[in-house]
Each structure stands twice: as C-alpha cells, then as structure tokens.
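target.cif, holding mmCIF, C-alpha atoms:
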data_run
#
loop_
_atom_site.label_atom_id
_atom_site.label_comp_id
_atom_site.auth_asym_id
_atom_site.auth_seq_id
_atom_site.Cartn_x
_atom_site.Cartn_y
_atom_site.Cartn_z
CA MET A 1 -4.79 29.75 -41.27
CA THR A 2 -6.65 27.10 -43.21
CA ASP A 3 -8.88 24.35 -41.89
CA ARG A 4 -6.45 21.76 -43.28
CA GLN A 5 -3.55 23.32 -41.40
CA GLU A 6 -5.67 23.38 -38.25
CA LYS A 7 -6.65 19.74 -38.75
CA ARG A 8 -3.06 18.60 -39.38
CA LEU A 9 -1.86 20.42 -36.28
CA GLU A 10 -4.64 18.91 -34.18
CA ASP A 11 -3.71 15.48 -35.53
CA LEU A 12 -0.12 16.04 -34.44
CA PHE A 13 -1.25 17.18 -31.01
CA GLU A 14 -3.33 14.00 -30.72
CA THR A 15 -0.28 11.91 -31.60
CA ALA A 16 1.68 13.73 -28.91
CA ARG A 17 -1.09 13.20 -26.34
CA ARG A 18 -1.10 9.47 -27.00
CA ALA A 19 2.68 9.19 -26.79
CA SER A 20 3.32 9.40 -23.07
CA PRO A 21 7.00 9.10 -22.19
CA MET A 22 8.07 6.12 -20.16
CA LEU A 23 9.58 6.73 -16.77
CA SER A 24 12.85 4.88 -16.68
CA ALA A 25 13.38 2.46 -13.80
CA SER A 26 16.30 4.53 -12.57
CA LEU A 27 14.28 7.78 -12.55
CA THR A 28 11.43 6.07 -10.71
CA ALA A 29 13.88 4.70 -8.15
CA ARG A 30 15.45 8.14 -7.62
CA ILE A 31 12.04 9.78 -7.14
CA LEU A 32 10.93 7.15 -4.63
CA ALA A 33 14.26 7.32 -2.79
CA ASP A 34 13.73 11.07 -2.38
CA ALA A 35 10.20 10.42 -1.09
CA LYS A 36 11.46 7.93 1.46
CA ALA A 37 14.21 10.27 2.60
CA ILE A 38 11.72 13.10 3.10
CA GLN A 39 9.40 10.83 5.08
CA GLU A 40 12.22 9.57 7.26
CA THR A 41 13.81 12.90 7.97
CA GLU A 42 11.77 16.03 7.45
CA ILE A 43 8.28 14.62 8.06
CA ARG A 44 9.20 12.59 11.13
CA SER A 45 11.11 15.45 12.70
CA THR A 46 8.15 17.78 12.13
CA GLU A 47 5.76 15.32 13.80
CA ALA A 48 8.18 14.71 16.68
CA ARG A 49 8.28 18.42 17.45
CA LYS A 50 4.49 18.65 17.48
CA THR A 51 3.62 15.64 19.60
CA PRO A 52 4.91 15.25 23.18
CA LYS A 53 5.87 11.67 23.86
CA HIS A 54 4.20 9.32 26.34
CA ARG A 55 1.27 11.62 27.15
CA SER A 56 -2.22 10.30 26.82
CA PHE A 57 -5.03 12.49 25.56
CA ARG A 58 -6.36 12.89 29.12
CA GLN A 59 -2.94 13.93 30.43
CA GLN A 60 -2.61 16.52 27.71
CA MET A 61 -6.11 17.82 28.44
CA ILE A 62 -5.32 18.26 32.12
CA ALA A 63 -2.06 20.03 31.32
CA VAL A 64 -3.86 22.40 29.04
CA LEU A 65 -6.77 23.02 31.41
CA TRP A 66 -4.72 23.80 34.48
CA GLY A 67 -1.80 25.36 32.68
CA TRP A 68 -3.75 27.30 30.13
CA PRO A 69 -2.80 30.94 30.04
CA GLY A 70 -5.68 31.75 27.74
CA VAL A 71 -8.32 31.82 30.45
CA THR A 72 -8.23 35.52 30.93
CA GLY A 73 -10.27 37.48 33.34
CA LEU A 74 -10.54 36.73 37.01
CA ALA A 75 -14.28 36.12 36.76
CA SER A 76 -13.88 33.53 34.00
CA ALA A 77 -11.08 31.76 35.79
CA ALA A 78 -12.92 31.81 39.07
CA ALA A 79 -16.07 30.47 37.50
CA ALA A 80 -14.17 27.69 35.81
CA GLY A 81 -12.29 26.86 38.96
CA LEU A 82 -15.44 26.77 41.06
CA TRP A 83 -17.21 24.56 38.57
CA ILE A 84 -14.30 22.20 38.28
CA GLY A 85 -13.83 22.11 42.02
CA VAL A 86 -17.37 21.07 42.84
CA SER A 87 -17.96 18.82 39.87
CA GLN A 88 -17.55 15.10 39.89
CA PRO A 89 -14.68 13.78 37.74
CA ALA A 90 -17.12 12.08 35.40
CA ALA A 91 -18.86 15.38 34.81
CA ILE A 92 -15.58 17.04 33.96
CA GLU A 93 -14.75 14.27 31.52
CA ALA A 94 -18.18 14.52 29.92
CA PHE A 95 -17.81 18.28 29.68
CA ALA A 96 -14.39 17.87 28.14
CA ASP A 97 -15.75 15.45 25.60
CA VAL A 98 -18.37 17.93 24.48
CA TYR A 99 -16.67 21.27 24.74
CA PHE A 100 -13.06 20.54 24.27
CA TYR A 101 -11.68 19.09 21.12
CA GLY A 102 -8.02 18.40 21.02
CA VAL A 103 -5.98 19.66 18.15
CA GLU A 104 -2.41 18.56 17.89
CA GLY A 105 -0.29 21.65 17.57
CA GLU A 106 2.90 23.26 18.66
CA GLY A 107 3.84 22.23 22.16
CA GLY A 108 1.11 19.61 22.49
CA LEU A 109 -2.63 19.90 22.71
CA GLU A 110 -4.28 23.15 21.72
CA MET A 111 -7.76 24.09 22.81
CA GLY A 112 -10.64 23.84 20.45
CA LEU A 113 -12.82 26.73 19.47
CA ALA A 114 -15.78 25.73 21.62
CA PHE A 115 -13.76 26.15 24.79
CA GLU A 116 -12.51 29.53 23.68
CA ILE A 117 -16.03 30.72 23.04
CA LEU A 118 -17.21 29.39 26.39
CA PHE A 119 -14.49 31.07 28.39
CA ALA A 120 -13.96 34.17 26.31
CA GLU A 121 -13.22 37.19 28.38
CA GLU A 122 -16.16 39.48 28.59
CA THR A 123 -15.41 42.84 27.28
CA SER A 124 -17.42 45.85 28.08
CA MET B 125 -11.94 -7.26 -2.55
CA ASP B 126 -11.68 -3.52 -1.84
CA MET B 127 -8.80 -1.70 -3.49
CA PRO B 128 -6.27 -0.18 -1.10
CA VAL B 129 -7.00 3.52 -0.81
CA ASP B 130 -3.53 4.54 -1.94
CA THR B 131 -3.90 2.75 -5.28
CA ASP B 132 -7.59 3.44 -5.87
CA PRO B 133 -7.83 5.68 -8.95
CA ARG B 134 -10.81 7.42 -7.39
CA VAL B 135 -8.64 8.73 -4.55
CA ALA B 136 -7.70 12.34 -5.26
CA ASP B 137 -4.10 13.46 -5.49
CA GLU B 138 -4.59 15.68 -2.44
CA ALA B 139 -5.75 12.75 -0.36
CA LEU B 140 -2.72 10.74 -1.47
CA LEU B 141 -0.49 13.64 -0.53
CA THR B 142 -2.00 13.60 2.96
CA LEU B 143 -1.34 9.86 3.20
CA PHE B 144 2.23 10.48 2.09
CA ALA B 145 2.65 13.21 4.72
CA ASN B 146 1.50 10.63 7.27
CA GLY B 147 4.23 8.22 6.24
CA ASP B 148 2.46 6.03 3.67
CA ALA B 149 5.14 4.81 1.23
CA ARG B 150 2.57 3.34 -1.16
CA ALA B 151 1.04 6.78 -1.61
CA ALA B 152 4.42 7.99 -2.85
CA ARG B 153 4.48 5.21 -5.45
CA THR B 154 0.96 6.00 -6.67
CA LEU B 155 1.65 9.72 -6.89
CA THR B 156 4.84 9.00 -8.80
CA THR B 157 3.00 6.77 -11.27
CA ARG B 158 0.27 9.37 -11.77
CA LEU B 159 2.20 12.60 -11.85
CA ALA B 160 5.82 12.00 -12.84
CA PRO B 161 5.03 11.07 -16.48
CA MET B 162 3.13 14.32 -16.83
CA VAL B 163 6.11 16.29 -15.49
CA LEU B 164 8.51 14.40 -17.74
CA ARG B 165 6.32 15.05 -20.80
CA VAL B 166 6.30 18.80 -20.24
CA ALA B 167 9.98 18.95 -19.30
CA GLN B 168 10.98 17.01 -22.43
CA ARG B 169 9.02 19.35 -24.68
CA MET B 170 10.25 22.45 -22.89
CA LEU B 171 13.91 21.49 -22.75
CA GLY B 172 14.34 19.20 -25.75
CA ASP B 173 16.84 17.16 -23.79
CA ALA B 174 16.01 13.81 -22.21
CA ALA B 175 18.63 13.92 -19.46
CA GLU B 176 17.74 17.45 -18.38
CA ALA B 177 14.06 16.53 -18.47
CA GLU B 178 14.72 13.65 -16.04
CA ASP B 179 16.61 15.99 -13.70
CA VAL B 180 13.72 18.46 -13.72
CA THR B 181 11.24 15.64 -13.11
CA GLN B 182 13.17 14.41 -10.08
CA GLU B 183 13.51 17.94 -8.70
CA ALA B 184 9.82 18.74 -9.23
CA MET B 185 8.71 15.58 -7.42
CA LEU B 186 11.18 16.30 -4.60
CA ARG B 187 9.57 19.69 -4.13
CA LEU B 188 6.16 18.01 -4.02
CA TRP B 189 7.33 15.61 -1.28
CA ARG B 190 8.68 18.56 0.73
CA GLN B 191 5.44 20.49 0.27
CA ALA B 192 3.24 17.59 1.43
CA VAL B 193 3.28 18.47 5.13
CA ASP B 194 2.40 22.12 4.47
CA TRP B 195 -0.06 21.45 1.65
CA ARG B 196 -3.12 23.68 1.97
CA HIS B 197 -6.11 21.61 0.98
CA GLY B 198 -8.57 23.14 -1.42
CA GLU B 199 -6.34 25.98 -2.54
CA ALA B 200 -4.92 24.50 -5.72
CA LYS B 201 -4.90 21.27 -7.63
CA VAL B 202 -1.79 19.19 -7.09
CA SER B 203 -1.36 18.85 -10.85
CA THR B 204 -1.59 22.63 -11.42
CA TRP B 205 0.96 23.22 -8.67
CA LEU B 206 3.26 20.62 -10.20
CA TYR B 207 2.90 22.11 -13.69
CA ARG B 208 3.89 25.49 -12.26
CA VAL B 209 6.96 24.08 -10.52
CA THR B 210 7.94 22.23 -13.71
CA ALA B 211 7.52 25.33 -15.89
CA ASN B 212 9.63 27.37 -13.46
CA LEU B 213 12.38 24.75 -13.27
CA CYS B 214 12.46 24.53 -17.06
CA THR B 215 12.53 28.31 -17.33
CA ASP B 216 15.52 28.47 -15.00
CA ARG B 217 17.41 25.92 -17.09
CA LEU B 218 16.51 27.64 -20.35
CA ARG B 219 17.70 31.00 -18.98
CA LYS B 220 21.06 29.48 -18.10
CA ARG B 221 21.24 27.77 -21.48
CA HIS B 222 20.40 30.91 -23.44
CA GLY B 223 22.34 33.22 -21.17
CA GLN B 224 19.67 35.86 -21.44
CA ALA B 225 16.33 36.87 -19.99
CA LEU B 226 13.33 34.92 -21.27
CA ASN B 227 11.60 36.74 -24.07
CA ASP B 228 8.46 35.74 -25.90
CA ASP B 229 10.22 36.47 -29.18
CA VAL B 230 13.49 34.62 -28.51
CA GLN B 231 14.05 31.74 -30.92
CA PRO B 232 15.99 28.87 -29.29
CA ALA B 233 17.91 26.33 -31.34
CA SER B 234 16.11 23.13 -32.19
CA GLU B 235 17.05 20.11 -30.11
CA ALA B 236 15.78 16.59 -30.42
CA THR B 237 13.53 15.19 -27.75
CA ALA B 238 13.70 11.65 -26.46
CA PRO B 239 11.60 9.22 -28.45
CA THR B 240 8.63 7.56 -26.87
CA ALA B 241 7.13 4.11 -27.33
CA LEU B 242 5.28 4.57 -30.62
CA ALA B 243 5.03 1.48 -32.77
CA ASP B 244 4.05 3.20 -36.04
CA LEU B 245 7.04 4.73 -37.83
CA GLN B 246 5.00 7.49 -39.40
CA GLN B 247 3.56 8.43 -36.03
CA LYS B 248 7.10 8.65 -34.67
CA GLU B 249 8.21 10.88 -37.53
CA ARG B 250 5.20 13.15 -37.04
CA LEU B 251 5.95 13.40 -33.33
CA PHE B 252 9.59 14.25 -33.99
CA ALA B 253 8.51 16.92 -36.47
CA LEU B 254 6.11 18.44 -33.92
CA ASP B 255 8.76 18.36 -31.19
CA ALA B 256 11.33 19.97 -33.49
CA ALA B 257 8.84 22.72 -34.42
CA LEU B 258 7.98 23.24 -30.74
CA GLN B 259 11.66 23.69 -29.93
CA ASP B 260 11.78 26.55 -32.44
CA LEU B 261 9.07 28.46 -30.57
CA PRO B 262 9.89 31.08 -27.97
CA ASP B 263 9.91 29.43 -24.54
CA ARG B 264 6.64 30.79 -23.18
CA GLN B 265 4.74 30.19 -26.41
CA ARG B 266 6.02 26.62 -26.36
CA CYS B 267 4.98 26.17 -22.75
CA ALA B 268 1.50 27.60 -23.33
CA VAL B 269 0.89 25.46 -26.42
CA VAL B 270 2.14 22.28 -24.72
CA LEU B 271 0.00 22.87 -21.64
CA ARG B 272 -3.10 23.66 -23.69
CA HIS B 273 -2.97 21.22 -26.59
CA ILE B 274 -0.98 18.30 -25.23
CA GLU B 275 -1.60 18.42 -21.48
CA GLY B 276 -5.21 19.59 -21.88
CA LEU B 277 -5.21 22.40 -19.34
CA ASP B 278 -7.71 25.21 -19.83
CA ASN B 279 -6.56 28.80 -20.22
CA ALA B 280 -7.42 29.70 -16.63
CA GLU B 281 -5.18 26.92 -15.31
CA ILE B 282 -2.40 27.87 -17.70
CA SER B 283 -2.58 31.45 -16.48
CA LYS B 284 -1.95 30.14 -12.91
CA VAL B 285 0.95 28.02 -14.12
CA LEU B 286 2.63 30.81 -16.07
CA GLY B 287 1.68 33.63 -13.74
CA VAL B 288 0.11 35.72 -16.50
CA GLY B 289 -3.42 36.78 -17.36
CA VAL B 290 -5.80 34.65 -19.41
CA ARG B 291 -5.60 37.03 -22.35
CA ALA B 292 -1.82 36.74 -22.36
CA VAL B 293 -2.23 32.95 -22.44
CA GLU B 294 -4.61 33.19 -25.40
CA SER B 295 -2.13 35.41 -27.24
CA LEU B 296 0.78 33.06 -26.52
CA ILE B 297 -1.19 30.06 -27.77
CA ALA B 298 -2.44 31.83 -30.91
CA ARG B 299 1.05 32.99 -31.86
CA GLY B 300 2.54 29.62 -31.07
CA LYS B 301 0.03 27.73 -33.19
CA ARG B 302 0.52 30.12 -36.12
CA ALA B 303 4.25 29.50 -35.99
CA LEU B 304 3.78 25.72 -35.74
CA LYS B 305 1.48 25.64 -38.72
CA ALA B 306 3.89 27.65 -40.79
CA ALA B 307 6.80 25.40 -39.77
CA LEU B 308 4.95 22.14 -40.44
CA ASP B 309 3.20 23.24 -43.61
CA GLY B 310 6.37 22.74 -45.63
CA ARG B 311 6.70 19.14 -44.40
CA ARG B 312 3.19 17.92 -45.00
CA ASP B 313 4.11 15.57 -47.84
CA GLU B 314 6.98 13.94 -45.98
CA LEU B 315 4.76 13.49 -42.94
CA GLY B 316 2.10 11.79 -45.03
CA TYR B 317 -0.44 14.60 -45.11
CA GLN B 318 -1.70 14.63 -48.65
CA ASP B 319 -4.28 17.30 -49.21
CA ASP B 320 -7.68 15.74 -49.88
#
Take the structure I supplied and represent it as structure tokens, if you would.
Amino acid sequence: MTDRQEKRLEDLFETARRASPMLSASLTARILADAKAIQETEIRSTEARKTPKHRSFRQQMIAVLWGWPGVTGLASAAAAGLWIGVSQPAAIEAFADVYFYGVEGEGGLEMGLAFEILFAEETS
Amino acid sequence: MDMPVDTDPRVADEALLTLFANGDARAARTLTTRLAPMVLRVAQRMLGDAAEAEDVTQEAMLRLWRQAVDWRHGEAKVSTWLYRVTANLCTDRLRKRHGQALNDDVQPASEATAPTALADLQQKERLFALDAALQDLPDRQRCAVVLRHIEGLDNAEISKVLGVGVRAVESLIARGKRALKAALDGRRDELGYQDD
C-alpha cells in the first residue's frame, strides 16, 4: 500500500467527514413526535407509579417512620420509640433533616442510608 | 444573557437525556440536532439506501427516548450507545436483505447512497466513489472503517459498538482499507487524483 494510495484514501475520508447529511424536515418531525409520545406516555406513567399523590415530604417521612418494616430487632425499635416518644417535635424534625434523606422510589419515600446505618440490627 | 441549559453546547448528552426524562421537550430537540445526523450518516453508509437509513435513524432515536428513564449515568457515552444500536439495526436489515448470516467476507451489491449538500462537483463525485466502494465491502469491514475514519471513533469504542475485541477491529479496518484502496486506485484519474 503506497503513501499516495493512503493519502488519496485519507482525502476521501476527509471529504466524507465534511459532508454531513441533512436531516429532512419530515424525519426531524417524526423523531420529535416519538420523543413527545414517550414523554407523555411511558415517562409520565413511570413517574406516576413512583410518586404518591398529594403527600408532602413530611407526611411521607411519618408514613415511613411509623410504618417502616425495616427497623428490625426489638431493642432497636424500642430505642427508637423511646427517643421519639420523649423528644420534642422540633427535635424529631431536626433529626430527620440530618439523618434521613428521602429518596423517591417504589411505593413512595425510601429511607436513606444514614438511617439504615443508625438503626441497623446488631448482630452477634 | 445565559444560554438555556438544554441548548448550551457545553451540556453533555447525558445531562440532556436526564432533562428529557424529566419532561423537557427542548432537550429532545437538542439531542435530535446533535445525534440524529450522526446516526443517519452511519446508516446511509451501512445500508446504501436513503429511505432505509431514515427508518433506522428514527428507530434508533426512539430507542434512545425509551432508554432515557433507565439510563445508567457514567456507564457508557450516549454516542457510543447510539452507534451500537445503529450498527445492530443496520445489521438486522442487511441480514434480511442478503438472506444469510453476516460474514466478514460476504460481498454485498453496490447501492447508491443519498447525496449530501456538497457544492463542488468533484467533491461530490469523490464522495459517491467512496460510498460505492464502501458498499462493496463486507458489512462489518464497512462498519469498522466508517466508524474509525469518518465518525472518528477510536478502536476501543468501535470494539464496544461491534461487540468484538480491539484486535478484531484493527483487522477489520486494515482489510477494509486495503480493499478500498484497490477499488479506488483504478479511478484516480477520473476523480482528479493525478500522481505528483
């Protein structure tokens, strides 16, 4: 393979690189119509399944805290219950702000990692 | 005045995809402008048929829209993913057209590609000659050469697109270029390449 052949081929490749095809108006419209349809159907239905309606962040936090099946171990649950029972509401909110971070997930709010670490069942 | 984030060229494709997944219609337009020409370019050179290339382009972008919600950030470049989808869609069409399994040594018939907006007549003729020679390559050689020398991907990216090792990519490109040179050598005078 000679240098001239290599050079001619590279010249042709350069011509091809510079010659970008034009998207026709009809193709562009079809692509954008598909995008809109996906946003209006599949994406919205996915988000609707994830997010419960008409529940504030605080309401979701309370539902998770008192309905959370992940607090395993009687000692952990008792400790949490005692703390929550004697604490002032403001303290609970402050604690929640620091230790709980809400993550939108299946069925509503899911607990953040910090909370899981804090209330992890002790194993021995 | 600050540029809207969904039209700012500095905003990465992944970020635009996230905006799209959150319902931003303008992100869809920007992604289409950025990525669809690239898909069309590859599809035209792979298929040699303008209408089929448009169908593949629409299908590839549709798959991107569907993937947006489940896109795993940081795992792959959007463009690499789209190249892979395009190559696979083209492969499927070529298999149906040829009626046989894809083979590196299969020689498909030449088919004209759609012209592009080139003002210079000689440039157009050279492009047509290259496209005709590309159509005579086996499908995977053609794909590897197009991705490397026209789309500018490196061999590692091409290996992800084609699902083969880097050495296989190098072999495909080397064989493809040898065949192109041989095919175009006989037309150098008509294409205006006088030896110096």
task: Choose the residue, out of B:Thr204, B:Asn279, B:Gln191, B:Ser295, that has the smallest atom-to-atom separation from Met162 (chain B); count all atoms listed in the file.
output: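 So, comparing all the options, the nearest one is B:Thr204.
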Tell me which protein, DNA and RNA residues are within 12 Å of Ala136 (chain B), counting all atoms listed in the file, leaving out same-chain ones fewer than 6 positions away, and put them as a PDB file with C-alpha atoms, keeping the file's coordinate frame.
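Okay, this is what ended up in part_26.pdb:
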ATOM      1  CA  VAL B 129      -7.000   3.520  -0.810  1.00  0.00           C
ATOM      2  CA  ASP B 130      -3.530   4.540  -1.940  1.00  0.00           C
ATOM      3  CA  THR B 142      -2.000  13.600   2.960  1.00  0.00           C
ATOM      4  CA  LEU B 143      -1.340   9.860   3.200  1.00  0.00           C
ATOM      5  CA  ALA B 151       1.040   6.780  -1.610  1.00  0.00           C
ATOM      6  CA  THR B 154       0.960   6.000  -6.670  1.00  0.00           C
ATOM      7  CA  LEU B 155       1.650   9.720  -6.890  1.00  0.00           C
ATOM      8  CA  ARG B 158       0.270   9.370 -11.770  1.00  0.00           C
ATOM      9  CA  LEU B 159       2.200  12.600 -11.850  1.00  0.00           C
ATOM     10  CA  HIS B 197      -6.110  21.610   0.980  1.00  0.00           C
ATOM     11  CA  GLY B 198      -8.570  23.140  -1.420  1.00  0.00           C
ATOM     12  CA  LYS B 201      -4.900  21.270  -7.630  1.00  0.00           C
ATOM     13  CA  VAL B 202      -1.790  19.190  -7.090  1.00  0.00           C
ATOM     14  CA  SER B 203      -1.360  18.850 -10.850  1.00  0.00           C
TER      15      SER B 203
END
message: Using all atoms listed in the file and a distance of at most 10 Å, pull out the residues of chain A that contact chain B, as a VMD selection string.
response: chain A and resid 1 to 2 4 to 6 8 to 24 26 to 40 42 to 44 46 to 47
message: So the first atom is CA of Ala174 (chain B) and the second is CA of Gln265 (chain B); what is the distance between them in Å, to one decimal place?
response: 20.3 Å
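Separating CA of Asp137 (chain B) from CA of Leu171 (chain B) is a distance of 26.2 Å.
What separates CA of Asp194 (chain B) from CA of Ala280 (chain B) is a distance of 24.5 Å.
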task: Could you expand the PyMOL selection byres ((chain B and resi 284-293) around 9) into the explicit residues it covers here, written as a VMD selection string?
output: chain B and resid 204 to 209 211 to 212 264 to 265 267 to 268 279 to 283 294 to 298
- request: Tell me which of B:Asp278, B:Trp195, B:Ala200, B:Arg217 sits closest to Asp173 (chain B), counting only C-alpha atoms.
  value: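 Once distances to Asp173 (chain B) are computed over only C-alpha atoms, the minimum belongs to B:Arg217.
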